[in-house]
file query-v7.txt (compact mmCIF, C-alpha atoms and all ligand atoms)
# COMPACT_ATOMS: atom_id res chain seq x y z
CA MET K 16 -73.88 113.94 42.67
CA ALA K 17 -77.44 113.19 43.67
CA THR K 18 -78.19 109.58 44.58
CA ASN K 19 -81.43 107.68 43.99
CA PHE K 20 -82.21 108.34 47.64
CA ASP K 21 -81.83 112.10 47.17
CA LEU K 22 -84.00 112.08 44.05
CA ILE K 23 -86.78 109.60 44.81
CA GLY K 24 -86.42 108.82 48.51
CA ARG K 25 -85.14 105.24 48.07
CA GLU K 26 -82.01 103.56 46.70
CA ASP K 27 -83.71 100.73 44.79
CA VAL K 28 -86.21 102.02 42.21
CA ASN K 29 -88.13 98.72 42.53
CA ASP K 30 -88.39 98.74 46.34
CA ILE K 31 -92.09 97.83 46.58
CA GLU K 32 -92.24 98.35 50.33
CA ALA K 33 -90.97 101.93 49.98
CA ILE K 34 -93.27 102.65 47.03
CA LEU K 35 -96.37 101.45 48.86
CA ALA K 36 -95.41 103.30 52.04
CA ILE K 37 -96.37 106.48 50.18
CA SER K 38 -100.12 106.92 50.12
CA ASN K 39 -102.66 109.70 50.15
CA ARG K 40 -103.54 110.27 53.82
CA ASP K 41 -105.67 113.30 53.17
CA VAL K 42 -108.46 111.68 51.17
CA ASP K 43 -111.25 113.91 52.54
CA ALA K 44 -109.57 117.24 51.76
CA VAL K 45 -111.44 119.50 49.34
CA VAL K 46 -108.49 121.73 48.49
CA SER K 47 -104.73 121.33 48.57
CA THR K 48 -102.31 124.27 48.60
CA VAL K 49 -98.87 124.27 47.00
CA LYS K 50 -96.41 127.15 47.16
CA ASP K 51 -95.69 128.40 43.65
CA ASN K 52 -92.22 129.91 43.88
CA ALA K 53 -91.88 131.33 40.41
CA ASP K 54 -91.56 134.93 39.19
CA ALA K 55 -94.28 136.26 36.88
CA ILE K 56 -92.62 137.82 33.84
CA PHE K 57 -93.85 140.61 31.60
CA THR K 58 -92.30 140.93 28.16
CA TRP K 59 -92.28 144.17 26.19
CA ASP K 60 -91.29 142.36 23.01
CA TYR K 61 -94.67 141.84 21.33
CA GLU K 62 -93.34 140.64 17.98
CA LYS K 63 -95.78 137.91 17.03
CA GLY K 64 -94.18 135.03 15.13
CA ALA K 65 -90.63 135.67 16.35
CA ARG K 66 -90.77 131.93 17.06
CA PRO K 67 -92.57 130.70 13.94
CA LYS K 68 -93.20 127.13 15.08
CA LEU K 69 -94.82 128.30 18.32
CA ASN K 70 -96.84 130.83 16.36
CA ARG K 71 -98.11 128.07 14.04
CA LEU K 72 -99.12 125.97 17.02
CA TYR K 73 -101.01 128.94 18.47
CA GLU K 74 -102.87 129.56 15.21
CA LYS K 75 -103.66 125.85 14.98
CA ALA K 76 -104.94 125.76 18.55
CA LYS K 77 -107.34 128.65 17.89
CA SER K 78 -109.03 126.77 15.06
CA SER K 79 -109.05 123.39 16.83
CA GLN K 80 -111.22 124.23 19.82
CA TRP K 81 -114.09 121.88 20.59
CA ASN K 82 -116.89 121.95 23.11
CA GLY K 83 -116.98 119.14 25.65
CA GLU K 84 -120.68 119.63 26.26
CA THR K 85 -121.92 119.63 22.69
CA ASP K 86 -119.34 117.76 20.57
CA LEU K 87 -119.49 114.45 22.44
CA PRO K 88 -122.41 111.96 22.36
CA TRP K 89 -123.28 112.14 26.07
CA ASP K 90 -126.56 110.32 25.44
CA THR K 91 -124.57 107.08 24.89
CA GLU K 92 -125.67 104.44 27.43
CA VAL K 93 -122.68 102.97 29.27
CA ASP K 94 -123.11 99.60 31.00
CA GLN K 95 -119.82 99.59 32.86
CA GLU K 96 -119.73 95.85 33.66
CA ALA K 97 -120.56 94.96 30.06
CA VAL K 98 -117.75 97.27 28.90
CA VAL K 99 -115.24 95.69 31.30
CA LEU K 100 -116.25 92.25 30.04
CA ALA K 101 -116.12 93.28 26.37
CA ASN K 102 -112.72 94.99 26.81
CA ALA K 103 -111.39 91.75 28.32
CA GLY K 104 -112.65 89.77 25.33
CA GLY K 105 -115.38 88.13 27.43
CA ASN K 106 -113.03 86.71 30.05
CA VAL K 107 -112.10 88.80 33.09
CA ASN K 108 -109.96 86.08 34.70
CA PRO K 109 -106.24 86.81 34.41
CA LEU K 110 -104.12 84.48 32.30
CA MET K 111 -101.51 83.87 35.00
CA ASP K 112 -101.64 81.20 37.70
CA LEU K 113 -102.76 82.78 40.98
CA SER K 114 -103.33 79.67 43.09
CA ASP K 115 -101.63 80.01 46.51
CA THR K 116 -102.25 83.77 46.42
CA PRO K 117 -105.07 85.81 48.00
CA PHE K 118 -106.59 86.07 44.51
CA ALA K 119 -107.28 82.30 44.49
CA LYS K 120 -110.58 82.88 46.29
CA TRP K 121 -111.81 85.44 43.77
CA ASP K 122 -114.63 84.37 41.47
CA GLU K 123 -115.92 85.96 38.23
CA ARG K 124 -117.85 88.62 40.20
CA ASP K 125 -114.74 89.72 42.09
CA TRP K 126 -112.72 90.02 38.89
CA LEU K 127 -115.52 91.96 37.27
CA ARG K 128 -115.69 94.32 40.24
CA PHE K 129 -111.93 94.70 40.07
CA GLY K 130 -112.23 95.71 36.41
CA VAL K 131 -114.89 98.28 37.30
CA GLU K 132 -112.81 99.70 40.18
CA SER K 133 -109.73 99.83 37.95
CA GLN K 134 -111.65 101.87 35.43
CA ASN K 135 -112.96 104.27 38.08
CA TRP K 136 -109.43 104.63 39.39
CA THR K 137 -107.82 105.14 35.99
CA LEU K 138 -110.24 107.82 34.85
CA SER K 139 -110.04 109.55 38.27
CA GLN K 140 -106.24 109.79 37.99
CA PHE K 141 -106.55 111.13 34.45
CA MET K 142 -108.93 113.80 35.75
CA HIS K 143 -106.53 114.80 38.56
CA GLY K 144 -103.62 114.85 36.12
CA GLU K 145 -105.61 117.12 33.81
CA GLN K 146 -106.13 119.55 36.67
CA GLY K 147 -102.37 119.46 37.21
CA ALA K 148 -101.96 120.42 33.55
CA LEU K 149 -104.49 123.23 33.96
CA LEU K 150 -102.52 124.75 36.85
CA CYS K 151 -99.12 124.21 35.21
CA THR K 152 -100.16 125.83 31.96
CA ALA K 153 -101.61 128.84 33.74
CA LYS K 154 -98.23 129.08 35.47
CA ILE K 155 -96.41 128.93 32.12
CA VAL K 156 -98.48 131.88 30.84
CA GLU K 157 -97.02 133.89 33.74
CA THR K 158 -93.46 132.63 33.75
CA VAL K 159 -92.33 132.03 30.16
CA PRO K 160 -90.51 135.11 28.77
CA TRP K 161 -91.59 134.77 25.09
CA ILE K 162 -94.83 136.28 23.76
CA ASP K 163 -95.50 133.43 21.27
CA ALA K 164 -95.25 130.95 24.14
CA LYS K 165 -97.55 133.01 26.38
CA TYR K 166 -100.12 133.12 23.59
CA TYR K 167 -99.90 129.40 22.94
CA ALA K 168 -99.97 128.47 26.64
CA SER K 169 -103.16 130.48 27.07
CA THR K 170 -104.89 128.19 24.56
CA GLN K 171 -103.60 125.20 26.43
CA VAL K 172 -105.20 126.53 29.63
CA MET K 173 -108.55 126.38 27.82
CA ASP K 174 -107.80 122.91 26.46
CA GLU K 175 -106.98 121.60 29.94
CA ALA K 176 -110.11 123.11 31.46
CA ARG K 177 -112.08 121.20 28.84
CA HIS K 178 -110.19 117.99 29.61
CA VAL K 179 -110.86 118.22 33.35
CA GLU K 180 -114.49 118.94 32.53
CA VAL K 181 -115.02 115.94 30.22
CA PHE K 182 -113.23 113.43 32.46
CA ALA K 183 -115.21 114.67 35.48
CA LYS K 184 -118.47 114.43 33.54
CA TYR K 185 -117.63 110.94 32.29
CA LEU K 186 -116.84 109.78 35.82
CA ASP K 187 -120.00 111.35 37.27
CA THR K 188 -122.47 110.27 34.65
CA LYS K 189 -121.08 107.01 33.17
CA LEU K 190 -118.92 105.33 35.82
CA SER K 191 -119.51 104.32 39.43
CA GLY K 192 -117.17 106.19 41.72
CA HIS K 193 -114.22 108.53 42.14
CA TYR K 194 -110.79 107.92 43.66
CA PRO K 195 -108.73 110.61 45.40
CA ILE K 196 -105.48 111.57 43.75
CA ASN K 197 -102.71 108.99 43.92
CA ALA K 198 -99.92 110.15 46.25
CA HIS K 199 -97.13 109.56 43.71
CA LEU K 200 -98.92 111.65 41.10
CA LYS K 201 -99.57 114.38 43.68
CA MET K 202 -95.89 114.48 44.74
CA LEU K 203 -94.89 114.95 41.13
CA LEU K 204 -97.46 117.68 40.43
CA ASP K 205 -96.45 119.49 43.63
CA ASP K 206 -92.78 119.34 42.65
CA ILE K 207 -93.54 120.75 39.20
CA ILE K 208 -95.63 123.62 40.59
CA ALA K 209 -93.15 124.43 43.36
CA ASP K 210 -90.08 124.66 41.10
CA SER K 211 -89.01 128.24 40.50
CA ARG K 212 -87.47 127.65 37.04
CA TRP K 213 -89.94 128.18 34.19
CA ASP K 214 -88.53 125.47 31.97
CA MET K 215 -89.06 122.86 34.70
CA THR K 216 -92.81 123.32 34.38
CA TYR K 217 -92.52 122.38 30.72
CA LEU K 218 -90.22 119.45 31.40
CA GLY K 219 -92.40 118.06 34.18
CA MET K 220 -95.75 118.69 32.52
CA GLN K 221 -95.44 118.85 28.72
CA ILE K 222 -92.62 116.32 28.34
CA MET K 223 -93.13 113.88 31.19
CA VAL K 224 -96.77 113.97 32.39
CA GLU K 225 -98.36 114.75 29.04
CA GLY K 226 -95.94 112.51 27.14
CA LEU K 227 -97.09 109.66 29.33
CA ALA K 228 -100.74 110.68 29.08
CA LEU K 229 -100.55 110.73 25.31
CA ALA K 230 -99.25 107.15 25.29
CA ALA K 231 -101.76 105.95 27.91
CA PHE K 232 -104.73 107.63 26.22
CA GLY K 233 -103.65 106.12 22.89
CA PHE K 234 -103.47 102.65 24.39
CA ILE K 235 -106.88 102.88 26.08
CA GLN K 236 -108.42 104.60 23.08
CA SER K 237 -107.42 101.71 20.85
CA MET K 238 -108.47 99.04 23.38
CA THR K 239 -111.82 100.27 24.64
CA THR K 240 -115.04 99.05 23.08
CA GLU K 241 -117.03 101.95 24.60
CA PRO K 242 -117.80 104.47 21.82
CA LEU K 243 -118.23 107.60 24.01
CA LEU K 244 -114.90 107.08 25.80
CA LYS K 245 -113.25 106.26 22.48
CA GLN K 246 -114.38 109.56 21.02
CA LEU K 247 -113.63 111.55 24.17
CA LEU K 248 -110.05 110.25 24.21
CA ARG K 249 -109.66 110.92 20.51
CA TYR K 250 -110.59 114.55 21.05
CA VAL K 251 -108.37 114.91 24.10
CA MET K 252 -105.42 113.26 22.31
CA SER K 253 -105.64 115.67 19.39
CA ASP K 254 -105.05 118.49 21.93
CA GLU K 255 -102.38 116.58 23.86
CA ALA K 256 -100.24 115.97 20.75
CA ARG K 257 -100.10 119.75 20.33
CA HIS K 258 -99.24 120.24 24.02
CA VAL K 259 -96.32 117.82 23.93
CA ALA K 260 -95.09 119.40 20.68
CA PHE K 261 -95.24 122.81 22.47
CA GLY K 262 -92.95 121.41 25.18
CA VAL K 263 -90.47 119.92 22.72
CA LEU K 264 -90.30 123.09 20.58
CA SER K 265 -89.89 125.43 23.55
CA LEU K 266 -87.28 123.42 25.42
CA GLN K 267 -85.23 122.61 22.33
CA GLU K 268 -84.37 126.28 22.00
CA TYR K 269 -83.82 126.90 25.70
CA TYR K 270 -81.66 123.83 26.36
CA GLN K 271 -79.18 124.87 23.71
CA GLY K 272 -78.07 127.67 26.03
CA LEU K 273 -77.69 125.55 29.19
CA THR K 274 -74.44 124.29 30.74
CA ALA K 275 -73.75 120.59 31.35
CA ALA K 276 -74.44 121.07 35.07
CA GLU K 277 -77.79 122.71 34.32
CA LEU K 278 -78.70 119.91 31.92
CA ARG K 279 -77.84 117.36 34.57
CA GLU K 280 -80.42 118.98 36.87
CA ARG K 281 -83.00 118.58 34.09
CA GLN K 282 -82.01 114.93 33.67
CA GLU K 283 -82.48 114.34 37.38
CA PHE K 284 -85.88 115.96 37.31
CA ALA K 285 -86.88 113.83 34.30
CA PHE K 286 -85.77 110.69 36.11
CA GLU K 287 -87.68 111.60 39.27
CA ALA K 288 -90.79 112.27 37.19
CA ALA K 289 -90.44 108.96 35.33
CA VAL K 290 -90.24 107.00 38.57
CA ARG K 291 -93.19 108.83 40.16
CA MET K 292 -95.32 108.14 37.11
CA ARG K 293 -94.40 104.50 36.98
CA ASP K 294 -95.22 104.19 40.70
CA ARG K 295 -98.52 105.94 40.26
CA PHE K 296 -99.72 103.29 37.81
CA LEU K 297 -99.48 100.44 40.32
CA GLN K 298 -103.12 100.94 41.40
CA GLN K 299 -102.37 100.44 45.09
CA GLU K 300 -105.66 102.14 46.07
CA VAL K 301 -107.71 99.66 44.03
CA PHE K 302 -106.22 96.65 45.86
CA ASP K 303 -106.86 98.40 49.17
CA ARG K 304 -110.49 98.89 48.24
CA MET K 305 -110.77 95.28 47.07
CA GLY K 306 -109.40 94.02 50.41
CA ILE K 307 -106.11 92.60 49.11
CA ASP K 308 -102.85 93.76 50.66
CA PRO K 309 -101.12 95.86 47.95
CA LYS K 310 -97.76 94.49 49.15
CA ILE K 311 -98.88 91.08 47.94
CA ALA K 312 -100.93 92.20 44.95
CA VAL K 313 -98.57 94.69 43.32
CA PRO K 314 -95.58 92.34 42.84
CA LEU K 315 -97.95 89.76 41.31
CA VAL K 316 -99.49 92.29 38.96
CA MET K 317 -96.08 93.51 37.91
CA GLN K 318 -95.22 90.01 36.66
CA ALA K 319 -98.19 89.79 34.29
CA PRO K 320 -96.88 89.99 30.69
CA GLU K 321 -99.68 92.33 29.53
CA ARG K 322 -98.90 94.60 32.48
CA GLN K 323 -95.21 94.77 31.62
CA LEU K 324 -96.08 95.66 28.07
CA PHE K 325 -98.45 98.44 29.20
CA GLN K 326 -95.93 99.72 31.73
CA ALA K 327 -93.13 100.00 29.17
CA MET K 328 -95.41 101.43 26.50
CA LEU K 329 -96.23 104.37 28.79
CA PHE K 330 -92.71 105.63 28.08
CA SER K 331 -92.91 105.34 24.30
CA LYS K 332 -93.25 109.12 23.85
CA ILE K 333 -91.17 110.31 26.79
CA VAL K 334 -87.93 108.57 25.81
CA PRO K 335 -87.73 109.84 22.18
CA ASN K 336 -88.72 113.33 23.34
CA CYS K 337 -85.96 113.36 25.97
CA LYS K 338 -83.56 112.20 23.26
CA LYS K 339 -84.69 114.98 20.93
CA LEU K 340 -84.00 117.50 23.70
CA GLY K 341 -80.49 116.13 24.17
CA LEU K 342 -81.30 114.93 27.68
CA LEU K 343 -80.49 111.25 27.15
CA ASP K 344 -76.83 111.74 26.36
CA ALA K 345 -75.91 114.96 28.16
CA ALA K 346 -73.77 114.62 31.31
CA ASP K 347 -72.13 111.36 30.17
CA GLY K 348 -75.43 109.72 29.32
CA TRP K 349 -76.71 109.75 32.89
CA LEU K 350 -80.38 109.67 31.89
CA ARG K 351 -79.74 106.93 29.33
CA THR K 352 -78.38 104.73 32.14
CA LYS K 353 -81.37 105.55 34.33
CA PHE K 354 -83.87 104.74 31.57
CA GLN K 355 -81.98 101.47 31.02
CA GLU K 356 -82.49 100.66 34.70
CA LEU K 357 -86.18 101.42 34.35
CA GLY K 358 -86.36 99.12 31.29
CA VAL K 359 -87.66 101.77 28.86
CA ILE K 360 -84.64 102.74 26.75
CA GLN K 361 -85.90 100.64 23.79
CA PHE K 362 -88.12 103.54 22.69
CA GLU K 363 -85.27 105.99 22.06
CA ASP K 364 -85.52 105.79 18.27
CA TRP K 365 -89.29 106.02 18.04
CA ALA K 366 -90.73 109.20 16.50
CA ASP K 367 -90.55 112.20 18.82
CA THR K 368 -93.71 114.24 19.24
CA GLY K 369 -92.40 117.35 17.45
CA GLU K 370 -91.72 115.18 14.40
CA GLU K 371 -94.98 113.27 14.76
CA TYR K 372 -96.96 116.45 15.06
CA GLU K 373 -95.46 117.94 11.91
CA MET K 374 -96.13 114.71 9.99
CA PHE K 375 -99.69 114.81 11.22
CA GLN K 376 -100.09 118.42 10.06
CA LEU K 377 -98.71 117.57 6.63
CA ALA K 378 -100.95 114.53 6.29
CA ASN K 379 -103.94 116.72 7.10
CA GLY K 380 -102.92 119.53 4.74
CA GLU K 381 -103.30 121.99 7.66
CA ILE K 382 -107.15 121.76 7.60
CA ASN K 383 -107.89 125.40 6.76
CA GLY K 384 -109.48 126.89 9.81
CA GLN K 385 -112.18 124.23 10.00
CA GLN K 386 -113.70 124.44 13.48
CA ALA K 387 -112.71 121.40 15.50
CA GLY K 388 -111.85 119.71 12.20
CA GLU K 389 -108.70 118.28 13.71
CA ALA K 390 -110.50 117.19 16.82
CA LYS K 391 -113.20 115.39 14.92
CA GLN K 392 -110.85 113.33 12.80
CA PRO K 393 -107.52 113.20 14.55
CA ALA K 394 -104.89 110.84 13.17
FE FE K 401 -105.01 117.57 28.97
FE FE K 402 -102.44 118.60 27.86
call {"tool": "encode", "arguments": {"input": "query-v7.txt", "output": "structure tokens"}}
result
Amino acid sequence: MATNFDLIGREDVNDIEAILAISNRDVDAVVSTVKDNADAIFTWDYEKGARPKLNRLYEKAKSSQWNGETDLPWDTEVDQEAVVLANAGGNVNPLMDLSDTPFAKWDERDWLRFGVESQNWTLSQFMHGEQGALLCTAKIVETVPWIDAKYYASTQVMDEARHVEVFAKYLDTKLSGHYPINAHLKMLLDDIIADSRWDMTYLGMQIMVEGLALAAFGFIQSMTTEPLLKQLLRYVMSDEARHVAFGVLSLQEYYQGLTAAELRERQEFAFEAAVRMRDRFLQQEVFDRMGIDPKIAVPLVMQAPERQLFQAMLFSKIVPNCKKLGLLDAADGWLRTKFQELGVIQFEDWADTGEEYEMFQLANGEINGQQAGEAKQPA
């Protein structure tokens, strides 16, 4: 039986010292190489629609393409400090008492700069994550044995290229700086790419990374007062909902044929991914840049009530999707116990993304082939 140490490199999931000891030490690199161990698979079974739900997703994806250059209002002026201030309701000072901490010496300007850096950091990590999705989906085209899934995955490759493109353009033209990839996110993406089993790409990317992205984008989309970012996220989310649904639909079928021992390996991978993603949201690089020791800052930040809410909410899609796939309760409920330890089990009965996506399709009456119709008015 694998221990926490085997899976995530530490016994205590909340060991701040161990979490912060992992950082990106290769910040000037232009490329990073990961060994992709998987077999590329041809299929000679070309029967389109043998998996009707995947076929419907593919047809939907073809008529829901949008153009990141021309469909977004790039002429929108973005005053980043004004946006940070507006998003905070006019007050950038945190609600909690920080006297006797290194933050006590911060004035309004420092908090404003922190808000700006946080935004640069957040959007940079989204951009890196999108590139991870681009590589993973290209890998799925090669490795999945079903023609309907190869077809669908090829549309997701295009979607992810567009997502990388729009986040990069937003960072370059509207914000004030990039951050290198967070080391926890990079470890997770490397693990997903390196795994030889095709379904692990789906589990790591479509279920875990994209499930979390869908929740995070939704949260920021509803909070931000900046109209260009609001629209950009709305477009991206309409694609992401389809991507997560693709993962749920594909794995549901495949997992039915797995043994308990094989399911346990999937549970362990899901747990590792959940921890890496939680760790990656601690913003350690921002505190470094602001001159505050992350070892002091991160535990303080983790106590803030709004932070705890955000942190938990990130798992609001992942947990019901894992339940739908039977991963919560397989192997004596191992993953259920782990999600309890992480404090995110409360989402288990929320709508899963397969369900949500079908409800969304029904509500929209399938929008007959209207170009980017779904993207322009997503639910
Ligand atoms: Fe994406
Ligand atoms: Fe995606």
call {"tool": "residues_near_ligand", "arguments": {"input": "query-v7.txt", "ligand": "ligand FE 401 (chain K)", "cutoff": "8 Å", "atoms": "all atoms listed in the file", "output": "short mmCIF file (atom, residue, chain, number, x, y, z; two decimals) with C-alpha atoms, keeping the file's coordinate frame"}}
result
data_model
loop_
_atom_site.label_atom_id
_atom_site.label_comp_id
_atom_site.auth_asym_id
_atom_site.auth_seq_id
_atom_site.Cartn_x
_atom_site.Cartn_y
_atom_site.Cartn_z
CA GLY K 144 -103.62 114.85 36.12
CA GLU K 145 -105.61 117.12 33.81
CA ALA K 148 -101.96 120.42 33.55
CA LEU K 149 -104.49 123.23 33.96
CA ASP K 174 -107.80 122.91 26.46
CA GLU K 175 -106.98 121.60 29.94
CA ALA K 176 -110.11 123.11 31.46
CA ARG K 177 -112.08 121.20 28.84
CA HIS K 178 -110.19 117.99 29.61
CA VAL K 179 -110.86 118.22 33.35
CA GLU K 225 -98.36 114.75 29.04
CA VAL K 251 -108.37 114.91 24.10
CA MET K 252 -105.42 113.26 22.31
CA ASP K 254 -105.05 118.49 21.93
CA GLU K 255 -102.38 116.58 23.86
#
call {"tool": "residues_around", "arguments": {"input": "query-v7.txt", "residues": "Phe118 in chain K", "least_positions_apart": "3", "cutoff": "10 Å", "atoms": "all atoms listed in the file", "output": "list in words"}}
result
Asp112, Leu113, Ser114, Asp115, Trp121, Asp122, Asp125, Trp126, Ile307, Ile311, Ala312 and Leu315 of chain K
call {"tool": "write_last_selection", "arguments": {"input": "query-v7.txt", "atoms": "C-alpha atoms", "output": "PDB file, keeping the file's coordinate frame"}}
result
ATOM      1  CA  ASP K 112    -101.640  81.200  37.700  1.00  0.00           C
ATOM      2  CA  LEU K 113    -102.760  82.780  40.980  1.00  0.00           C
ATOM      3  CA  SER K 114    -103.330  79.670  43.090  1.00  0.00           C
ATOM      4  CA  ASP K 115    -101.630  80.010  46.510  1.00  0.00           C
ATOM      5  CA  TRP K 121    -111.810  85.440  43.770  1.00  0.00           C
ATOM      6  CA  ASP K 122    -114.630  84.370  41.470  1.00  0.00           C
ATOM      7  CA  ASP K 125    -114.740  89.720  42.090  1.00  0.00           C
ATOM      8  CA  TRP K 126    -112.720  90.020  38.890  1.00  0.00           C
ATOM      9  CA  ILE K 307    -106.110  92.600  49.110  1.00  0.00           C
ATOM     10  CA  ILE K 311     -98.880  91.080  47.940  1.00  0.00           C
ATOM     11  CA  ALA K 312    -100.930  92.200  44.950  1.00  0.00           C
ATOM     12  CA  LEU K 315     -97.950  89.760  41.310  1.00  0.00           C
TER      13      LEU K 315
END
call {"tool": "residues_around", "arguments": {"input": "query-v7.txt", "residues": "Thr158 in chain K", "least_positions_apart": "6", "cutoff": "9 Å", "atoms": "all atoms listed in the file", "output": "MDAnalysis selection string"}}
result
chainID K and resid 53:57 165 212:214
call {"tool": "atom_distance", "arguments": {"input": "query-v7.txt", "atom1": "CA of Ala285 in chain K", "atom2": "CA of Leu69 in chain K"}}
result
23.0 Å
call {"tool": "closest_residue", "arguments": {"input": "query-v7.txt", "among": "K:Leu190, K:Glu62, K:Phe20, K:Phe286", "to": "Thr352 in chain K", "atoms": "only C-alpha atoms"}}
result
K:Phe286
call {"tool": "axis_aligned_box", "arguments": {"input": "query-v7.txt", "around": "range 222-236 of chain K", "padding_each_side": "4 Å", "output": "JSON"}}
result
{"center_x": -100.5, "center_y": 109.5, "center_z": 27.6, "size_x": 23.8, "size_y": 21.7, "size_z": 17.5}
call {"tool": "residues_around", "arguments": {"input": "query-v7.txt", "residues": "His143 in chain K", "least_positions_apart": "6", "cutoff": "9 Å", "atoms": "all atoms listed in the file", "output": "NGL selection string"}}
result
:K and (179 or 195-197 or 200-201)
call {"tool": "write_last_selection", "arguments": {"input": "query-v7.txt", "atoms": "C-alpha atoms", "output": "CSV table (one decimal), keeping the file's coordinate frame"}}
result
chain,number,residue,atom,x,y,z
K,179,VAL,CA,-110.9,118.2,33.4
K,195,PRO,CA,-108.7,110.6,45.4
K,196,ILE,CA,-105.5,111.6,43.8
K,197,ASN,CA,-102.7,109.0,43.9
K,200,LEU,CA,-98.9,111.6,41.1
K,201,LYS,CA,-99.6,114.4,43.7
call {"tool": "residues_near_point", "arguments": {"input": "query-v7.txt", "point": "(-73.2, 119.3, 32.1)", "cutoff": "10 Å", "atoms": "all atoms listed in the file", "output": "PyMOL selection string"}}
result
chain K and resi 273-280+282+345-347
call {"tool": "write_last_selection", "arguments": {"input": "query-v7.txt", "atoms": "C-alpha atoms", "output": "PDB file, keeping the file's coordinate frame"}}
result
ATOM      1  CA  LEU K 273     -77.690 125.550  29.190  1.00  0.00           C
ATOM      2  CA  THR K 274     -74.440 124.290  30.740  1.00  0.00           C
ATOM      3  CA  ALA K 275     -73.750 120.590  31.350  1.00  0.00           C
ATOM      4  CA  ALA K 276     -74.440 121.070  35.070  1.00  0.00           C
ATOM      5  CA  GLU K 277     -77.790 122.710  34.320  1.00  0.00           C
ATOM      6  CA  LEU K 278     -78.700 119.910  31.920  1.00  0.00           C
ATOM      7  CA  ARG K 279     -77.840 117.360  34.570  1.00  0.00           C
ATOM      8  CA  GLU K 280     -80.420 118.980  36.870  1.00  0.00           C
ATOM      9  CA  GLN K 282     -82.010 114.930  33.670  1.00  0.00           C
ATOM     10  CA  ALA K 345     -75.910 114.960  28.160  1.00  0.00           C
ATOM     11  CA  ALA K 346     -73.770 114.620  31.310  1.00  0.00           C
ATOM     12  CA  ASP K 347     -72.130 111.360  30.170  1.00  0.00           C
TER      13      ASP K 347
END
call {"tool": "atom_distance", "arguments": {"input": "query-v7.txt", "atom1": "CA of Gly369 in chain K", "atom2": "CA of Ala65 in chain K"}}
result
18.4 Å
call {"tool": "closest_residue", "arguments": {"input": "query-v7.txt", "among": "K:Ala44, K:Leu100, K:Ile162, K:Ala153", "to": "ligand FE 402 (chain K)", "atoms": "only C-alpha atoms and all ligand atoms"}}
result
K:Ala153
call {"tool": "residues_around", "arguments": {"input": "query-v7.txt", "residues": "Asn135 in chain K", "least_positions_apart": "4", "cutoff": "9 Å", "atoms": "all atoms listed in the file", "output": "list in words"}}
result
Gly130, Val131, Ser139, Gln140, Leu186, Leu190, Ser191, Gly192, His193 and Tyr194 of chain K
call {"tool": "write_last_selection", "arguments": {"input": "query-v7.txt", "atoms": "C-alpha atoms", "output": "PDB file, keeping the file's coordinate frame"}}
result
ATOM      1  CA  GLY K 130    -112.230  95.710  36.410  1.00  0.00           C
ATOM      2  CA  VAL K 131    -114.890  98.280  37.300  1.00  0.00           C
ATOM      3  CA  SER K 139    -110.040 109.550  38.270  1.00  0.00           C
ATOM      4  CA  GLN K 140    -106.240 109.790  37.990  1.00  0.00           C
ATOM      5  CA  LEU K 186    -116.840 109.780  35.820  1.00  0.00           C
ATOM      6  CA  LEU K 190    -118.920 105.330  35.820  1.00  0.00           C
ATOM      7  CA  SER K 191    -119.510 104.320  39.430  1.00  0.00           C
ATOM      8  CA  GLY K 192    -117.170 106.190  41.720  1.00  0.00           C
ATOM      9  CA  HIS K 193    -114.220 108.530  42.140  1.00  0.00           C
ATOM     10  CA  TYR K 194    -110.790 107.920  43.660  1.00  0.00           C
TER      11      TYR K 194
END
